[in-house]
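Below is structure.cif, which holds mmCIF, C-alpha atoms.
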data_target
#
loop_
_atom_site.group_PDB
_atom_site.id
_atom_site.type_symbol
_atom_site.label_atom_id
_atom_site.label_comp_id
_atom_site.auth_asym_id
_atom_site.auth_seq_id
_atom_site.Cartn_x
_atom_site.Cartn_y
_atom_site.Cartn_z
ATOM 1 C CA MET A 1 14.569 -16.292 -6.783
ATOM 2 C CA SER A 2 11.446 -14.825 -5.207
ATOM 3 C CA ASN A 3 9.191 -16.882 -2.966
ATOM 4 C CA PRO A 4 6.041 -17.684 -4.981
ATOM 5 C CA SER A 5 3.900 -17.653 -1.828
ATOM 6 C CA SER A 6 4.651 -13.955 -1.269
ATOM 7 C CA GLU A 7 5.162 -12.864 -4.882
ATOM 8 C CA ILE A 8 3.191 -9.722 -5.745
ATOM 9 C CA ILE A 9 1.270 -10.143 -9.013
ATOM 10 C CA LEU A 10 -0.360 -7.103 -10.612
ATOM 11 C CA HIS A 11 -3.225 -7.829 -13.003
ATOM 12 C CA ALA A 12 -3.589 -4.666 -15.093
ATOM 13 C CA TYR A 13 -3.069 -3.058 -18.488
ATOM 14 C CA PRO A 14 -0.519 -0.296 -19.197
ATOM 15 C CA GLN A 15 -2.994 2.505 -20.011
ATOM 16 C CA SER A 16 -4.964 2.189 -16.761
ATOM 17 C CA PRO A 17 -4.617 5.304 -14.577
ATOM 18 C CA VAL A 18 -5.556 3.405 -11.427
ATOM 19 C CA ALA A 19 -2.927 0.792 -12.258
ATOM 20 C CA GLU A 20 -0.437 3.661 -12.575
ATOM 21 C CA LYS A 21 -1.334 4.665 -9.025
ATOM 22 C CA VAL A 22 -0.453 1.166 -7.805
ATOM 23 C CA ARG A 23 2.727 1.055 -9.905
ATOM 24 C CA VAL A 24 3.857 4.304 -8.246
ATOM 25 C CA ALA A 25 3.007 2.735 -4.871
ATOM 26 C CA PHE A 26 5.321 -0.168 -5.741
ATOM 27 C CA GLY A 27 7.995 2.399 -6.562
ATOM 28 C CA ILE A 28 7.595 4.191 -3.226
ATOM 29 C CA LYS A 29 8.105 0.877 -1.450
ATOM 30 C CA GLY A 30 10.871 -0.262 -3.822
ATOM 31 C CA LEU A 31 9.086 -3.570 -4.413
ATOM 32 C CA ALA A 32 9.681 -6.353 -6.913
ATOM 33 C CA TRP A 33 6.535 -7.648 -8.604
ATOM 34 C CA ARG A 34 5.152 -9.640 -11.514
ATOM 35 C CA SER A 35 3.001 -8.182 -14.271
ATOM 36 C CA VAL A 36 0.051 -10.005 -15.818
ATOM 37 C CA GLU A 37 -1.380 -7.913 -18.652
ATOM 38 C CA ILE A 38 -5.153 -8.132 -18.914
ATOM 39 C CA PRO A 39 -7.466 -6.925 -21.710
ATOM 40 C CA ARG A 40 -8.699 -3.334 -21.558
ATOM 41 C CA LEU A 41 -12.261 -4.511 -22.257
ATOM 42 C CA PRO A 42 -14.259 -7.518 -21.058
ATOM 43 C CA PRO A 43 -14.246 -10.422 -21.243
ATOM 44 C CA LYS A 44 -11.300 -10.873 -18.878
ATOM 45 C CA PRO A 45 -11.613 -14.590 -18.162
ATOM 46 C CA ASN A 46 -8.348 -15.142 -16.288
ATOM 47 C CA LEU A 47 -8.959 -12.158 -14.027
ATOM 48 C CA THR A 48 -12.614 -12.837 -13.276
ATOM 49 C CA ALA A 49 -11.830 -16.492 -12.551
ATOM 50 C CA LEU A 50 -9.628 -15.271 -9.686
ATOM 51 C CA THR A 51 -11.978 -12.558 -8.443
ATOM 52 C CA GLY A 52 -15.311 -14.295 -8.935
ATOM 53 C CA GLY A 53 -16.521 -11.694 -11.431
ATOM 54 C CA TYR A 54 -14.923 -8.388 -10.399
ATOM 55 C CA ARG A 55 -13.614 -6.835 -13.623
ATOM 56 C CA ARG A 56 -12.109 -3.484 -12.593
ATOM 57 C CA THR A 57 -8.424 -2.685 -12.940
ATOM 58 C CA PRO A 58 -6.102 -3.269 -11.160
ATOM 59 C CA VAL A 59 -6.146 -6.390 -9.004
ATOM 60 C CA VAL A 60 -3.207 -7.609 -6.925
ATOM 61 C CA GLN A 61 -2.698 -11.288 -6.172
ATOM 62 C CA ILE A 62 -0.415 -12.698 -3.491
ATOM 63 C CA GLY A 63 -0.664 -16.479 -3.479
ATOM 64 C CA ALA A 64 -4.357 -17.326 -3.054
ATOM 65 C CA ASP A 65 -5.265 -13.892 -1.666
ATOM 66 C CA ILE A 66 -6.792 -11.519 -4.214
ATOM 67 C CA TYR A 67 -6.954 -7.771 -3.474
ATOM 68 C CA CYS A 68 -9.500 -5.675 -5.374
ATOM 69 C CA ASP A 69 -9.498 -1.854 -5.583
ATOM 70 C CA SER A 70 -6.396 0.295 -5.100
ATOM 71 C CA GLN A 71 -7.656 1.322 -1.645
ATOM 72 C CA CYS A 72 -7.447 -2.285 -0.505
ATOM 73 C CA ILE A 73 -4.167 -2.868 -2.348
ATOM 74 C CA ILE A 74 -2.384 0.119 -0.779
ATOM 75 C CA ARG A 75 -3.572 -0.859 2.690
ATOM 76 C CA GLU A 76 -2.294 -4.415 2.253
ATOM 77 C CA LEU A 77 1.073 -3.300 0.864
ATOM 78 C CA GLU A 78 1.518 -1.043 3.904
ATOM 79 C CA ARG A 79 0.700 -3.939 6.228
ATOM 80 C CA ARG A 80 3.134 -6.324 4.564
ATOM 81 C CA TYR A 81 5.897 -3.818 3.818
ATOM 82 C CA PRO A 82 5.731 -1.088 6.476
ATOM 83 C CA SER A 83 8.992 0.653 5.559
ATOM 84 C CA PRO A 84 9.217 3.090 3.901
ATOM 85 C CA SER A 85 5.728 4.015 5.001
ATOM 86 C CA PHE A 86 2.965 5.243 2.723
ATOM 87 C CA MET A 87 2.003 7.428 5.699
ATOM 88 C CA PRO A 88 5.211 9.298 6.661
ATOM 89 C CA THR A 89 3.415 11.920 8.783
ATOM 90 C CA ALA A 90 0.896 11.736 11.630
ATOM 91 C CA ASP A 91 -1.981 12.466 9.239
ATOM 92 C CA GLN A 92 -2.910 8.908 8.258
ATOM 93 C CA GLY A 93 -6.621 9.320 8.984
ATOM 94 C CA LEU A 94 -6.866 12.545 7.008
ATOM 95 C CA MET A 95 -4.980 10.978 4.088
ATOM 96 C CA TRP A 96 -7.434 8.095 3.925
ATOM 97 C CA CYS A 97 -10.364 10.521 4.058
ATOM 98 C CA LEU A 98 -8.849 12.592 1.251
ATOM 99 C CA SER A 99 -8.213 9.465 -0.803
ATOM 100 C CA ARG A 100 -11.934 8.765 -0.935
ATOM 101 C CA TRP A 101 -12.283 12.075 -2.812
ATOM 102 C CA THR A 102 -9.283 11.584 -5.122
ATOM 103 C CA ASP A 103 -10.454 8.073 -6.009
ATOM 104 C CA GLY A 104 -14.142 8.989 -6.108
ATOM 105 C CA ALA A 105 -15.462 12.389 -7.130
ATOM 106 C CA LEU A 106 -12.187 13.741 -8.515
ATOM 107 C CA PHE A 107 -11.435 10.634 -10.568
ATOM 108 C CA ASP A 108 -15.020 10.453 -11.868
ATOM 109 C CA LEU A 109 -14.779 14.117 -12.896
ATOM 110 C CA THR A 110 -11.528 13.386 -14.729
ATOM 111 C CA VAL A 111 -13.051 10.382 -16.509
ATOM 112 C CA ARG A 112 -15.932 12.530 -17.776
ATOM 113 C CA HIS A 113 -13.381 15.150 -18.818
ATOM 114 C CA VAL A 114 -11.240 12.675 -20.798
ATOM 115 C CA LEU A 115 -14.146 10.762 -22.353
ATOM 116 C CA GLY A 116 -16.070 13.940 -23.142
ATOM 117 C CA SER A 117 -13.073 15.609 -24.789
ATOM 118 C CA ALA A 118 -12.593 12.599 -27.080
ATOM 119 C CA GLY A 119 -16.041 13.116 -28.616
ATOM 120 C CA ASP A 120 -16.756 11.006 -31.693
ATOM 121 C CA SER A 121 -13.127 9.855 -31.915
ATOM 122 C CA LEU A 122 -13.612 7.601 -28.886
ATOM 123 C CA ASP A 123 -13.591 3.911 -29.788
ATOM 124 C CA LYS A 124 -17.238 2.762 -29.788
ATOM 125 C CA ASP A 125 -16.692 -0.413 -27.773
ATOM 126 C CA PHE A 126 -14.540 1.418 -25.241
ATOM 127 C CA ALA A 127 -17.116 4.208 -25.021
ATOM 128 C CA ALA A 128 -19.923 1.736 -24.357
ATOM 129 C CA ASP A 129 -17.979 -0.151 -21.699
ATOM 130 C CA ARG A 130 -16.532 2.794 -19.756
ATOM 131 C CA GLY A 131 -19.626 4.908 -20.305
ATOM 132 C CA ARG A 132 -21.799 2.247 -18.661
ATOM 133 C CA LEU A 133 -19.258 1.815 -15.876
ATOM 134 C CA TYR A 134 -18.920 5.491 -14.956
ATOM 135 C CA LEU A 135 -22.014 7.236 -16.346
ATOM 136 C CA GLY A 136 -24.795 4.741 -15.635
ATOM 137 C CA GLU A 137 -27.431 3.175 -17.863
ATOM 138 C CA ASP A 138 -27.983 6.275 -19.978
ATOM 139 C CA TRP A 139 -24.263 6.505 -20.736
ATOM 140 C CA ALA A 140 -24.611 7.710 -24.348
ATOM 141 C CA ALA A 141 -26.458 10.828 -23.200
ATOM 142 C CA GLY A 142 -23.867 11.225 -20.457
ATOM 143 C CA LEU A 143 -21.028 11.230 -22.971
ATOM 144 C CA LYS A 144 -22.772 13.834 -25.121
ATOM 145 C CA LYS A 145 -23.325 16.010 -22.067
ATOM 146 C CA ALA A 146 -19.662 15.637 -21.039
ATOM 147 C CA ASN A 147 -18.594 16.788 -24.498
ATOM 148 C CA ALA A 148 -20.900 19.811 -24.370
ATOM 149 C CA ASP A 149 -19.823 20.581 -20.793
ATOM 150 C CA LEU A 150 -16.077 20.353 -21.454
ATOM 151 C CA PRO A 151 -15.271 24.004 -20.527
ATOM 152 C CA HIS A 152 -17.155 23.504 -17.253
ATOM 153 C CA LEU A 153 -15.343 20.208 -16.583
ATOM 154 C CA VAL A 154 -11.969 21.867 -17.233
ATOM 155 C CA ALA A 155 -12.866 24.573 -14.730
ATOM 156 C CA GLN A 156 -13.848 21.962 -12.150
ATOM 157 C CA VAL A 157 -10.516 20.130 -12.517
ATOM 158 C CA ARG A 158 -8.537 23.380 -12.580
ATOM 159 C CA ALA A 159 -9.572 24.349 -9.058
ATOM 160 C CA PRO A 160 -8.113 21.321 -7.197
ATOM 161 C CA LEU A 161 -4.970 21.421 -9.330
ATOM 162 C CA SER A 162 -4.461 25.031 -8.273
ATOM 163 C CA TRP A 163 -4.745 23.896 -4.640
ATOM 164 C CA LEU A 164 -2.084 21.254 -5.214
ATOM 165 C CA ASP A 165 0.123 23.824 -6.918
ATOM 166 C CA ALA A 166 -0.206 26.079 -3.874
ATOM 167 C CA GLN A 167 0.628 23.191 -1.536
ATOM 168 C CA LEU A 168 3.900 22.713 -3.440
ATOM 169 C CA ALA A 169 4.761 26.422 -3.663
ATOM 170 C CA ASP A 170 7.269 26.263 -0.805
ATOM 171 C CA GLY A 171 9.505 24.020 -2.928
ATOM 172 C CA ARG A 172 8.745 20.747 -1.164
ATOM 173 C CA ASP A 173 9.396 17.626 -3.230
ATOM 174 C CA PHE A 174 6.138 15.853 -2.404
ATOM 175 C CA LEU A 175 2.727 16.844 -1.116
ATOM 176 C CA LEU A 176 3.494 16.179 2.547
ATOM 177 C CA GLY A 177 7.175 17.148 2.535
ATOM 178 C CA PRO A 178 10.447 15.433 1.617
ATOM 179 C CA ASP A 179 9.074 11.876 1.462
ATOM 180 C CA ALA A 180 6.615 10.444 -1.041
ATOM 181 C CA SER A 181 3.388 9.122 0.423
ATOM 182 C CA ALA A 182 0.247 7.311 -0.665
ATOM 183 C CA ILE A 183 -1.500 10.619 -1.295
ATOM 184 C CA ASP A 184 1.134 11.478 -3.917
ATOM 185 C CA ALA A 185 0.254 8.299 -5.827
ATOM 186 C CA GLN A 186 -3.466 8.971 -5.363
ATOM 187 C CA PHE A 187 -3.276 12.462 -6.854
ATOM 188 C CA TYR A 188 -0.634 11.561 -9.431
ATOM 189 C CA HIS A 189 -2.798 9.037 -11.269
ATOM 190 C CA VAL A 190 -5.369 11.759 -12.003
ATOM 191 C CA VAL A 191 -2.721 14.144 -13.362
ATOM 192 C CA TRP A 192 -1.093 11.288 -15.323
ATOM 193 C CA PHE A 193 -4.473 10.487 -16.875
ATOM 194 C CA LEU A 194 -5.093 14.101 -17.896
ATOM 195 C CA ARG A 195 -1.625 14.510 -19.389
ATOM 196 C CA GLY A 196 -1.650 11.267 -21.317
ATOM 197 C CA ARG A 197 -5.238 10.881 -22.449
ATOM 198 C CA TRP A 198 -6.450 14.431 -23.153
ATOM 199 C CA SER A 199 -4.933 16.195 -26.149
ATOM 200 C CA GLY A 200 -5.073 19.488 -24.279
ATOM 201 C CA GLY A 201 -3.540 18.019 -21.145
ATOM 202 C CA PRO A 202 0.108 19.132 -21.501
ATOM 203 C CA SER A 203 -0.870 22.707 -22.359
ATOM 204 C CA PHE A 204 -3.428 22.836 -19.553
ATOM 205 C CA LEU A 205 -1.027 21.450 -16.940
ATOM 206 C CA SER A 206 1.762 23.866 -17.900
ATOM 207 C CA GLU A 207 -0.113 26.559 -15.925
ATOM 208 C CA PHE A 208 0.813 24.753 -12.699
ATOM 209 C CA THR A 209 4.589 25.054 -12.533
ATOM 210 C CA ASN A 210 4.954 23.623 -9.033
ATOM 211 C CA LEU A 211 2.704 20.708 -9.947
ATOM 212 C CA VAL A 212 4.787 19.956 -13.058
ATOM 213 C CA ARG A 213 7.930 19.864 -10.902
ATOM 214 C CA TRP A 214 6.151 17.491 -8.511
ATOM 215 C CA GLU A 215 5.085 15.310 -11.449
ATOM 216 C CA ASP A 216 8.742 14.956 -12.396
ATOM 217 C CA ASN A 217 9.597 13.957 -8.828
ATOM 218 C CA VAL A 218 6.868 11.306 -8.697
ATOM 219 C CA ARG A 219 7.812 9.982 -12.133
ATOM 220 C CA ALA A 220 11.427 9.645 -10.987
ATOM 221 C CA ILE A 221 10.340 7.280 -8.194
ATOM 222 C CA GLY A 222 9.709 4.637 -10.837
ATOM 223 C CA HIS A 223 7.645 1.489 -10.462
ATOM 224 C CA GLY A 224 9.964 -0.782 -8.528
ATOM 225 C CA THR A 225 11.233 -3.792 -10.483
ATOM 226 C CA TYR A 226 9.006 -6.184 -12.356
ATOM 227 C CA ARG A 227 8.940 -9.122 -14.733
ATOM 228 C CA PRO A 228 6.086 -10.269 -16.964
ATOM 229 C CA MET A 229 4.032 -13.301 -16.011
ATOM 230 C CA ASP A 230 1.751 -15.540 -18.008
ATOM 231 C CA PRO A 231 -1.880 -15.408 -16.803
ATOM 232 C CA GLN A 232 -2.022 -19.175 -16.480
ATOM 233 C CA ASP A 233 1.004 -19.146 -14.176
ATOM 234 C CA ALA A 234 -0.831 -16.704 -11.912
ATOM 235 C CA THR A 235 -3.841 -19.014 -11.871
ATOM 236 C CA GLU A 236 -1.599 -21.944 -10.944
ATOM 237 C CA GLN A 237 -0.115 -19.932 -8.089
ATOM 238 C CA ALA A 238 -3.590 -19.365 -6.683
ATOM 239 C CA LYS A 239 -4.457 -23.026 -7.086
ATOM 240 C CA SER A 240 -1.267 -24.262 -5.427
ATOM 241 C CA HIS A 241 -1.550 -22.065 -2.323
ATOM 242 C CA VAL A 242 -4.003 -21.600 0.505
ATOM 243 C CA PRO A 243 -5.305 -18.126 1.379
ATOM 244 C CA LEU A 244 -3.746 -16.529 4.443
ATOM 245 C CA ALA A 245 -6.548 -14.089 5.253
ATOM 246 C CA ALA A 246 -7.611 -13.622 8.859
ATOM 247 C CA THR A 247 -10.948 -14.986 10.077
ATOM 248 C CA GLY A 248 -13.410 -13.034 12.194
ATOM 249 C CA VAL A 249 -15.706 -10.024 12.433
ATOM 250 C CA ALA A 250 -14.693 -6.910 14.364
ATOM 251 C CA PRO A 251 -16.977 -5.522 17.110
ATOM 252 C CA ASN A 252 -19.745 -3.025 16.301
ATOM 253 C CA GLU A 253 -20.473 -4.566 12.908
ATOM 254 C CA PRO A 254 -23.430 -2.534 11.535
ATOM 255 C CA GLN A 255 -24.713 -5.125 9.042
ATOM 256 C CA GLY A 256 -24.726 -8.074 11.448
ATOM 257 C CA LEU A 257 -22.183 -9.995 9.391
ATOM 258 C CA ILE A 258 -20.922 -13.327 10.731
ATOM 259 C CA VAL A 259 -18.234 -15.695 9.503
ATOM 260 C CA GLY A 260 -19.590 -18.295 7.088
ATOM 261 C CA GLN A 261 -22.529 -16.256 5.800
ATOM 262 C CA SER A 262 -23.258 -16.303 2.087
ATOM 263 C CA VAL A 263 -22.747 -12.759 0.802
ATOM 264 C CA THR A 264 -22.211 -10.793 -2.370
ATOM 265 C CA VAL A 265 -19.923 -7.777 -2.799
ATOM 266 C CA THR A 266 -20.146 -5.184 -5.560
ATOM 267 C CA PRO A 267 -19.058 -1.571 -6.130
ATOM 268 C CA ASP A 268 -21.712 0.726 -4.647
ATOM 269 C CA VAL A 269 -22.516 2.417 -7.973
ATOM 270 C CA ASN A 270 -24.835 1.675 -10.868
ATOM 271 C CA GLY A 271 -22.132 0.343 -13.187
ATOM 272 C CA GLY A 272 -23.846 -2.833 -14.378
ATOM 273 C CA GLU A 273 -21.222 -5.016 -12.720
ATOM 274 C CA GLN A 274 -21.464 -8.629 -11.596
ATOM 275 C CA PRO A 275 -21.571 -9.138 -7.813
ATOM 276 C CA VAL A 276 -18.885 -11.402 -6.353
ATOM 277 C CA ALA A 277 -20.422 -14.210 -4.308
ATOM 278 C CA GLY A 278 -18.805 -16.239 -1.545
ATOM 279 C CA THR A 279 -18.807 -16.916 2.172
ATOM 280 C CA LEU A 280 -17.776 -14.228 4.607
ATOM 281 C CA ARG A 281 -14.366 -14.841 6.154
ATOM 282 C CA TYR A 282 -13.434 -11.458 7.653
ATOM 283 C CA ALA A 283 -14.934 -7.994 8.130
ATOM 284 C CA ASP A 284 -13.969 -4.820 9.966
ATOM 285 C CA ALA A 285 -14.589 -1.107 9.392
ATOM 286 C CA GLU A 286 -12.184 -0.971 6.429
ATOM 287 C CA THR A 287 -12.156 -4.397 4.774
ATOM 288 C CA VAL A 288 -14.348 -7.331 3.862
ATOM 289 C CA THR A 289 -12.943 -10.690 2.788
ATOM 290 C CA ILE A 290 -14.933 -13.457 1.160
ATOM 291 C CA GLU A 291 -13.839 -17.023 0.490
ATOM 292 C CA ARG A 292 -14.797 -18.816 -2.682
ATOM 293 C CA THR A 293 -13.869 -22.098 -4.359
ATOM 294 C CA ALA A 294 -13.844 -22.906 -8.074
ATOM 295 C CA ASP A 295 -12.314 -25.761 -10.055
ATOM 296 C CA ASP A 296 -10.078 -23.489 -12.130
ATOM 297 C CA VAL A 297 -8.479 -21.547 -9.247
ATOM 298 C CA GLY A 298 -9.080 -23.614 -6.117
ATOM 299 C CA THR A 299 -9.947 -21.845 -2.869
ATOM 300 C CA VAL A 300 -9.139 -18.137 -2.792
ATOM 301 C CA CYS A 301 -9.929 -15.182 -0.563
ATOM 302 C CA VAL A 302 -11.056 -12.015 -2.313
ATOM 303 C CA HIS A 303 -10.509 -8.776 -0.373
ATOM 304 C CA PHE A 304 -12.511 -5.566 -0.872
ATOM 305 C CA PRO A 305 -12.694 -2.208 0.895
ATOM 306 C CA ARG A 306 -15.842 -1.496 2.886
ATOM 307 C CA SER A 307 -15.881 2.150 1.754
ATOM 308 C CA GLY A 308 -17.408 2.318 -1.725
ATOM 309 C CA TYR A 309 -18.624 -1.291 -1.783
ATOM 310 C CA ARG A 310 -21.955 -2.889 -0.986
ATOM 311 C CA ILE A 311 -22.274 -6.159 0.936
ATOM 312 C CA ASP A 312 -25.543 -8.065 0.690
ATOM 313 C CA ILE A 313 -26.412 -11.145 2.713
ATOM 314 C CA VAL A 314 -27.941 -13.832 0.475
#
Write out the structure in this file as structure tokens.
Amino acid sequence: MSNPSSEIILHAYPQSPVAEKVRVAFGIKGLAWRSVEIPRLPPKPNLTALTGGYRRTPVVQIGADIYCDSQCIIRELERRYPSPSFMPTADQGLMWCLSRWTDGALFDLTVRHVLGSAGDSLDKDFAADRGRLYLGEDWAAGLKKANADLPHLVAQVRAPLSWLDAQLADGRDFLLGPDASAIDAQFYHVVWFLRGRWSGGPSFLSEFTNLVRWEDNVRAIGHGTYRPMDPQDATEQAKSHVPLAATGVAPNEPQGLIVGQSVTVTPDVNGGEQPVAGTLRYADAETVTIERTADDVGTVCVHFPRSGYRIDIV
């Protein structure tokens, strides 16, 4: 039996490419975890009760600590389970820098590619939700432009995939050598998304023979071992535990944050998303943690990355 206080709970849905990144990360670590399936579209009441309003996928819960964004999730998994490492070479800093591109500009490009290629066949509710999330307020015009720009978008994706193919040309199993790393998961989710959600994906990817071999290697890692979990059971776990997050603010804090301040945290994009409100518990250059209390979940700590997120003092 696993210890509920340290049980890893993934809140996600199967089709999510970012959730696939985290599932591969579980596989690299060989972890056991629980799976709570959430809706693809809002409302997501069980999830947002835990997070305080954050609706993106995936979220990882460990007891009463809630980790939002795959950047934050991967960092926490490495802290708790250091071996095998997500960073098997001495290039940890460069890998984190590169991940901000894979998870930012490259992923956004791929989303426009996949949504644009779907054209009028895209489910209207899904189009409205993801369009607003990734393309801003004028999302309908953005989708039409993505459809018209598809050859350009394919060309823009083709360039980085050719770089990856060249990186693998010496026959190495993974991007950094013989061992899988976080950057494999971070690139893989983009390729997985293209292959699975764009009708032209398999034909397009066949050009990159080394990349296809690498895909097979990453796929063979698997997702660790998991069992399904009822959403209400996850809520009860949060309610029956206390958060274990550290307390404090690291030196050289640029926003003047102090423990106990009322703050909000939201992705630093115009996606129409609800800010998460709470009191500041911890902040350093990489992470911000806020504490919040609600009748349905008790007291939880919600963890976000600093990079890509906006903190406002209220």
Next on the checklist: For the provided coordinates, the residues matched by the PyMOL selection byres ((chain A and resi 310) around 9) should be stated as number ranges by chain.
Outcome noted: A: 264-269, 306-309, 311-312
Next on the checklist: Applying the PyMOL selection byres ((chain A and resi 6-8) around 12) to the file I just gave you, which residues come out? Please list them as a PyMOL selection string.
Outcome noted: chain A and resi 1-5+9-11+22-23+26+31-36+59-67+73+76-77+80-81+224-229+233-234+237-238+241-244
Checklist entry - Looking at all atoms listed in the file, which of A:Asp149, A:Glu215, A:Asp296, A:Glu137 is the one that sits closest to A:Gly271? => result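 Counting all atoms listed in the file, the residue closest to A:Gly271 is A:Glu137.
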Checklist entry - Excluding same-chain residues fewer than 5 positions from stretch 164-178 of chain A, what lies within 10 Å of it counting all atoms listed in the file, as JSON, numbers by chain? => result {"A": [87, 88, 89, 91, 159, 183, 184, 187, 207, 208, 209, 210, 211, 212, 213, 214, 215, 216, 217, 218]}
Box time for stretch 188-200 of chain A: axis-aligned, enclosing all its listed atoms, 8 Å extra on each side; report centre and edge lengths in Å to one decimal, as JSON.
{"center_x": -3.5, "center_y": 14.3, "center_z": -17.8, "size_x": 21.8, "size_y": 26.5, "size_z": 32.7}
